[in-house]
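So this one's my_file.txt, compact mmCIF, C-alpha atoms and all ligand atoms:
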```txt
# COMPACT_ATOMS: atom_id res chain seq x y z
CA MET C 1 99.16 66.48 21.39
CA LEU C 2 97.31 63.33 20.46
CA THR C 3 97.43 62.20 16.81
CA LEU C 4 96.46 58.94 15.14
CA ASP C 5 100.16 58.04 15.16
CA THR C 6 100.54 58.69 18.89
CA ILE C 7 97.37 56.67 19.52
CA ALA C 8 98.89 53.76 17.56
CA GLY C 9 102.10 54.26 19.59
CA LEU C 10 100.20 54.13 22.89
CA PHE C 11 98.61 50.81 21.92
CA ALA C 12 101.98 49.48 20.73
CA GLY C 13 103.80 50.64 23.86
CA TYR C 14 101.26 50.02 26.61
CA GLY C 15 98.44 47.94 25.09
CA THR C 16 99.95 44.63 26.14
CA SER C 17 99.45 45.46 29.83
CA PHE C 18 96.50 43.81 31.52
CA TYR C 19 93.12 45.51 31.52
CA GLY C 20 92.66 46.10 35.25
CA ASP C 21 92.12 42.80 37.03
CA GLU C 22 90.80 41.10 33.88
CA ALA C 23 92.69 38.35 32.04
CA ILE C 24 92.96 40.23 28.73
CA SER C 25 95.20 43.04 27.51
CA GLN C 26 94.24 46.69 27.09
CA THR C 27 94.47 46.35 23.28
CA GLU C 28 92.32 43.19 23.21
CA HIS C 29 89.75 44.95 25.39
CA ALA C 30 89.69 48.03 23.13
CA LEU C 31 89.34 45.93 19.95
CA GLN C 32 86.57 43.78 21.45
CA CYS C 33 84.70 46.88 22.58
CA ALA C 34 84.97 48.42 19.09
CA LEU C 35 83.91 45.12 17.49
CA LEU C 36 80.81 44.89 19.72
CA ALA C 37 79.86 48.46 18.73
CA GLU C 38 80.45 47.66 15.05
CA GLN C 39 78.37 44.47 15.26
CA ALA C 40 75.57 46.46 16.93
CA GLY C 41 75.44 48.81 13.93
CA GLU C 42 76.75 51.89 15.73
CA SER C 43 78.00 55.00 13.90
CA GLU C 44 81.72 55.19 13.18
CA ALA C 45 81.96 57.88 15.91
CA VAL C 46 80.61 55.49 18.56
CA ILE C 47 82.79 52.63 17.26
CA VAL C 48 85.84 54.91 17.53
CA ALA C 49 84.72 56.05 21.00
CA SER C 50 84.46 52.37 21.99
CA LEU C 51 87.97 51.69 20.68
CA LEU C 52 89.40 54.68 22.53
CA HIS C 53 87.28 54.77 25.70
CA ASP C 54 90.23 53.72 27.89
CA ILE C 55 92.94 55.66 26.01
CA GLY C 56 93.33 57.64 29.23
CA HIS C 57 94.64 54.47 30.92
CA LEU C 58 97.31 54.15 28.23
CA MET C 59 98.17 57.85 28.48
CA LEU C 60 98.47 57.59 32.24
CA ALA C 61 100.66 54.50 31.88
CA ALA C 62 102.90 56.63 29.65
CA SER C 63 103.08 59.45 32.20
CA THR C 64 104.28 59.74 35.77
CA THR C 65 101.03 61.11 37.21
CA THR C 66 98.62 58.87 39.09
CA ASP C 67 95.39 60.62 38.16
CA MET C 68 92.59 58.02 38.44
CA ARG C 69 90.13 59.97 36.29
CA HIS C 70 91.11 58.25 33.04
CA GLN C 71 87.78 59.12 31.39
CA GLU C 72 88.52 62.86 31.65
CA THR C 73 92.17 62.50 30.65
CA GLY C 74 91.17 60.52 27.58
CA ALA C 75 88.25 62.70 26.51
CA ASP C 76 90.22 65.94 26.88
CA ALA C 77 93.11 64.58 24.81
CA LEU C 78 90.78 63.16 22.15
CA ALA C 79 89.12 66.58 21.74
CA THR C 80 92.09 67.73 19.65
CA LEU C 81 91.12 65.10 17.06
CA PHE C 82 87.41 64.39 17.41
CA GLY C 83 84.09 66.09 18.08
CA PRO C 84 81.75 65.46 21.00
CA ASP C 85 80.16 62.41 19.31
CA VAL C 86 83.46 60.63 20.10
CA THR C 87 84.73 62.47 23.18
CA GLU C 88 81.54 62.59 25.23
CA PRO C 89 80.75 58.85 25.28
CA VAL C 90 84.38 58.40 26.39
CA ARG C 91 84.02 61.06 29.10
CA LEU C 92 80.71 59.60 30.33
CA HIS C 93 81.54 55.88 30.25
CA VAL C 94 82.33 55.67 33.97
CA ALA C 95 79.28 57.75 34.92
CA ALA C 96 77.22 55.44 32.68
CA LYS C 97 78.13 52.53 34.93
CA ARG C 98 77.03 54.46 38.03
CA TYR C 99 73.80 55.31 36.17
CA LEU C 100 73.13 51.71 35.13
CA CYS C 101 73.82 50.42 38.65
CA ALA C 102 71.26 52.93 39.96
CA THR C 103 68.55 52.18 37.41
CA ASP C 104 68.93 48.47 36.57
CA PRO C 105 69.44 46.02 39.47
CA ALA C 106 70.27 43.18 37.06
CA TYR C 107 73.10 45.27 35.61
CA TYR C 108 75.15 45.26 38.82
CA ASP C 109 74.69 41.50 39.24
CA GLY C 110 76.03 40.98 35.71
CA LEU C 111 79.27 42.92 36.26
CA SER C 112 82.55 41.06 36.68
CA PRO C 113 83.92 40.97 40.25
CA ALA C 114 86.66 43.45 39.26
CA SER C 115 84.08 45.85 37.85
CA GLN C 116 81.86 45.49 40.93
CA HIS C 117 84.89 46.30 43.07
CA SER C 118 85.84 49.41 41.07
CA LEU C 119 82.28 50.78 41.31
CA ALA C 120 82.93 51.74 44.93
CA LEU C 121 86.13 53.58 43.93
CA GLN C 122 84.16 55.35 41.20
CA GLY C 123 81.64 56.70 43.72
CA GLY C 124 78.99 53.96 43.82
CA PRO C 125 75.55 54.02 42.15
CA PHE C 126 74.03 57.44 41.40
CA ASP C 127 71.18 58.67 43.60
CA PRO C 128 67.94 59.40 41.69
CA ALA C 129 68.77 63.10 41.15
CA ALA C 130 72.24 62.34 39.82
CA ALA C 131 70.82 59.58 37.61
CA SER C 132 68.32 61.92 35.96
CA ALA C 133 70.97 64.65 35.58
CA PHE C 134 73.20 62.10 33.87
CA ALA C 135 70.45 60.93 31.52
CA SER C 136 69.61 64.48 30.42
CA GLN C 137 73.12 65.13 29.02
CA PRO C 138 73.79 64.94 25.28
CA HIS C 139 75.52 61.64 24.36
CA ALA C 140 74.38 59.93 27.60
CA ALA C 141 72.54 57.25 25.60
CA ALA C 142 75.63 56.52 23.49
CA ALA C 143 77.72 56.37 26.68
CA VAL C 144 75.31 53.79 28.16
CA ARG C 145 75.56 51.66 25.00
CA LEU C 146 79.37 52.00 25.02
CA ARG C 147 79.36 50.93 28.66
CA LYS C 148 77.56 47.71 27.82
CA TYR C 149 80.09 46.90 25.07
CA ASP C 150 82.85 47.75 27.58
CA ASP C 151 81.44 45.26 30.09
CA LEU C 152 81.30 42.46 27.49
CA ALA C 153 84.72 43.17 25.96
CA LYS C 154 86.60 40.81 28.27
CA VAL C 155 86.62 37.52 26.38
CA VAL C 156 89.94 35.68 26.56
CA GLY C 157 91.15 34.66 23.09
CA LEU C 158 88.38 36.27 21.01
CA GLU C 159 89.34 37.05 17.37
CA THR C 160 88.88 40.68 16.34
CA PRO C 161 89.80 42.84 13.36
CA ALA C 162 93.26 44.45 13.59
CA LEU C 163 93.82 47.82 15.24
CA SER C 164 94.49 49.29 11.77
CA HIS C 165 90.85 48.61 10.78
CA TYR C 166 89.62 50.86 13.57
CA LEU C 167 92.37 53.46 13.20
CA GLU C 168 91.26 53.92 9.57
CA MET C 169 87.77 54.51 10.93
CA ALA C 170 89.22 56.99 13.43
CA GLY C 171 90.80 58.84 10.49
CA ARG C 172 87.38 59.17 8.87
CA ALA C 173 85.75 60.22 12.18
CA ARG C 174 88.26 63.03 12.77
CA ARG C 175 86.81 66.51 12.96
CA GLY C 176 87.30 68.56 9.78
CA ASP C 177 89.97 71.23 10.01
FE FE J 201 86.95 49.63 29.42
```

Kindly transcribe the structure held in the file into structure tokens.
Amino acid sequence: MLTLDTIAGLFAGYGTSFYGDEAISQTEHALQCALLAEQAGESEAVIVASLLHDIGHLMLAASTTTDMRHQETGADALATLFGPDVTEPVRLHVAAKRYLCATDPAYYDGLSPASQHSLALQGGPFDPAAASAFASQPHAAAAVRLRKYDDLAKVVGLETPALSHYLEMAGRARRGD
């Protein structure tokens, strides 16, 4: 079961691996994504979702399965700790890219080559019916904002706050029990 300690352990154990085909690490990417959300004035839930949106990649790196649906793996695991204001933007962050590619031609052009390449593996742009079904879901707007932080969180050498800053926030964003 996921706890704040196991999350910290996943970053410590697997966060130094590269983020896909980008030239930064998984931990740097997560911290930059959280920082962009924080600088945009997002709620702590969305900042924590931004930090943890790719936790499924780290979980899959720690396991022997090769499930490519890291957004589902991550969101399902995070549901033991957080409510839907954190888990759903995580779950929807890949769909948000398909939505943005369908509704904003400039968005696709602005993606990195690696992200353009992975779009095809993720199913390509949504058709109009899928795009409107996506947009009608709760937390779709937060997922779209997270997606834009995700896309920008690839700056080599950028200074960010430490992981502990955002894990403290995650502690506050935990669901009451
Ligand atoms: Fe990401």

Requested in this report: Kindly work out which residues sit at most 7 Å from ligand FE 201 (chain J), using all atoms listed in the file, and give the list as a ChimeraX atom specification.
Outcome: /C:29,53-54,150

Enclose all atoms of segment 11-28 of chain C listed in the file in an axis-aligned box, grow every side by 8 Å, and hand back centre and edge lengths in Å to one decimal, as AutoDock Vina command-line options.
```
--center_x 97.3 --center_y 44.6 --center_z 28.9 --size_x 29.0 --size_y 28.5 --size_z 32.3
```

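The two atoms in question, atom CA of Tyr108 of chain C and atom CA of Ala131 of chain C, are spaced 15.0 Å apart.
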
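Residue nearest Leu146 of chain C, chosen from C:Ala23, C:Ile55, C:Ala12, C:Val90 and counting all atoms listed in the file: C:Val90.
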
Spatial sel., origin (81.2, 55.3, 12.3), limit 10 Å, all atoms listed in the file, listed as a short mmCIF file (atom, residue, chain, number, x, y, z; two decimals) with C-alpha atoms, keeping the file's coordinate frame:
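Wrote it out as part.cif, contents follow:
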```cif
data_model
loop_
_atom_site.label_atom_id
_atom_site.label_comp_id
_atom_site.auth_asym_id
_atom_site.auth_seq_id
_atom_site.Cartn_x
_atom_site.Cartn_y
_atom_site.Cartn_z
CA ALA C 37 79.86 48.46 18.73
CA GLU C 38 80.45 47.66 15.05
CA GLY C 41 75.44 48.81 13.93
CA GLU C 42 76.75 51.89 15.73
CA SER C 43 78.00 55.00 13.90
CA GLU C 44 81.72 55.19 13.18
CA ALA C 45 81.96 57.88 15.91
CA VAL C 46 80.61 55.49 18.56
CA ILE C 47 82.79 52.63 17.26
CA VAL C 48 85.84 54.91 17.53
CA ALA C 49 84.72 56.05 21.00
CA VAL C 86 83.46 60.63 20.10
CA TYR C 166 89.62 50.86 13.57
CA MET C 169 87.77 54.51 10.93
CA ALA C 170 89.22 56.99 13.43
CA ARG C 172 87.38 59.17 8.87
CA ALA C 173 85.75 60.22 12.18
#
```

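The list of residues with at least one atom within 7 Å of Asp85 of chain C, based on all atoms listed in the file and without residues fewer than 2 positions apart in the same chain, reads Ala45, Val46, Gly83, Thr87, Glu88, Pro89 and His139 of chain C.
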
**Report entry** Residue with smallest distance to Ala140 of chain C - pool C:Gly176, C:Pro84, C:Pro113, C:Gly20, counting only C-alpha atoms
**Finding:** C:Pro84

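Interatomic distance, atom CA of Ala34 of chain C against atom CA of Ser50 of chain C: 4.9 Å.
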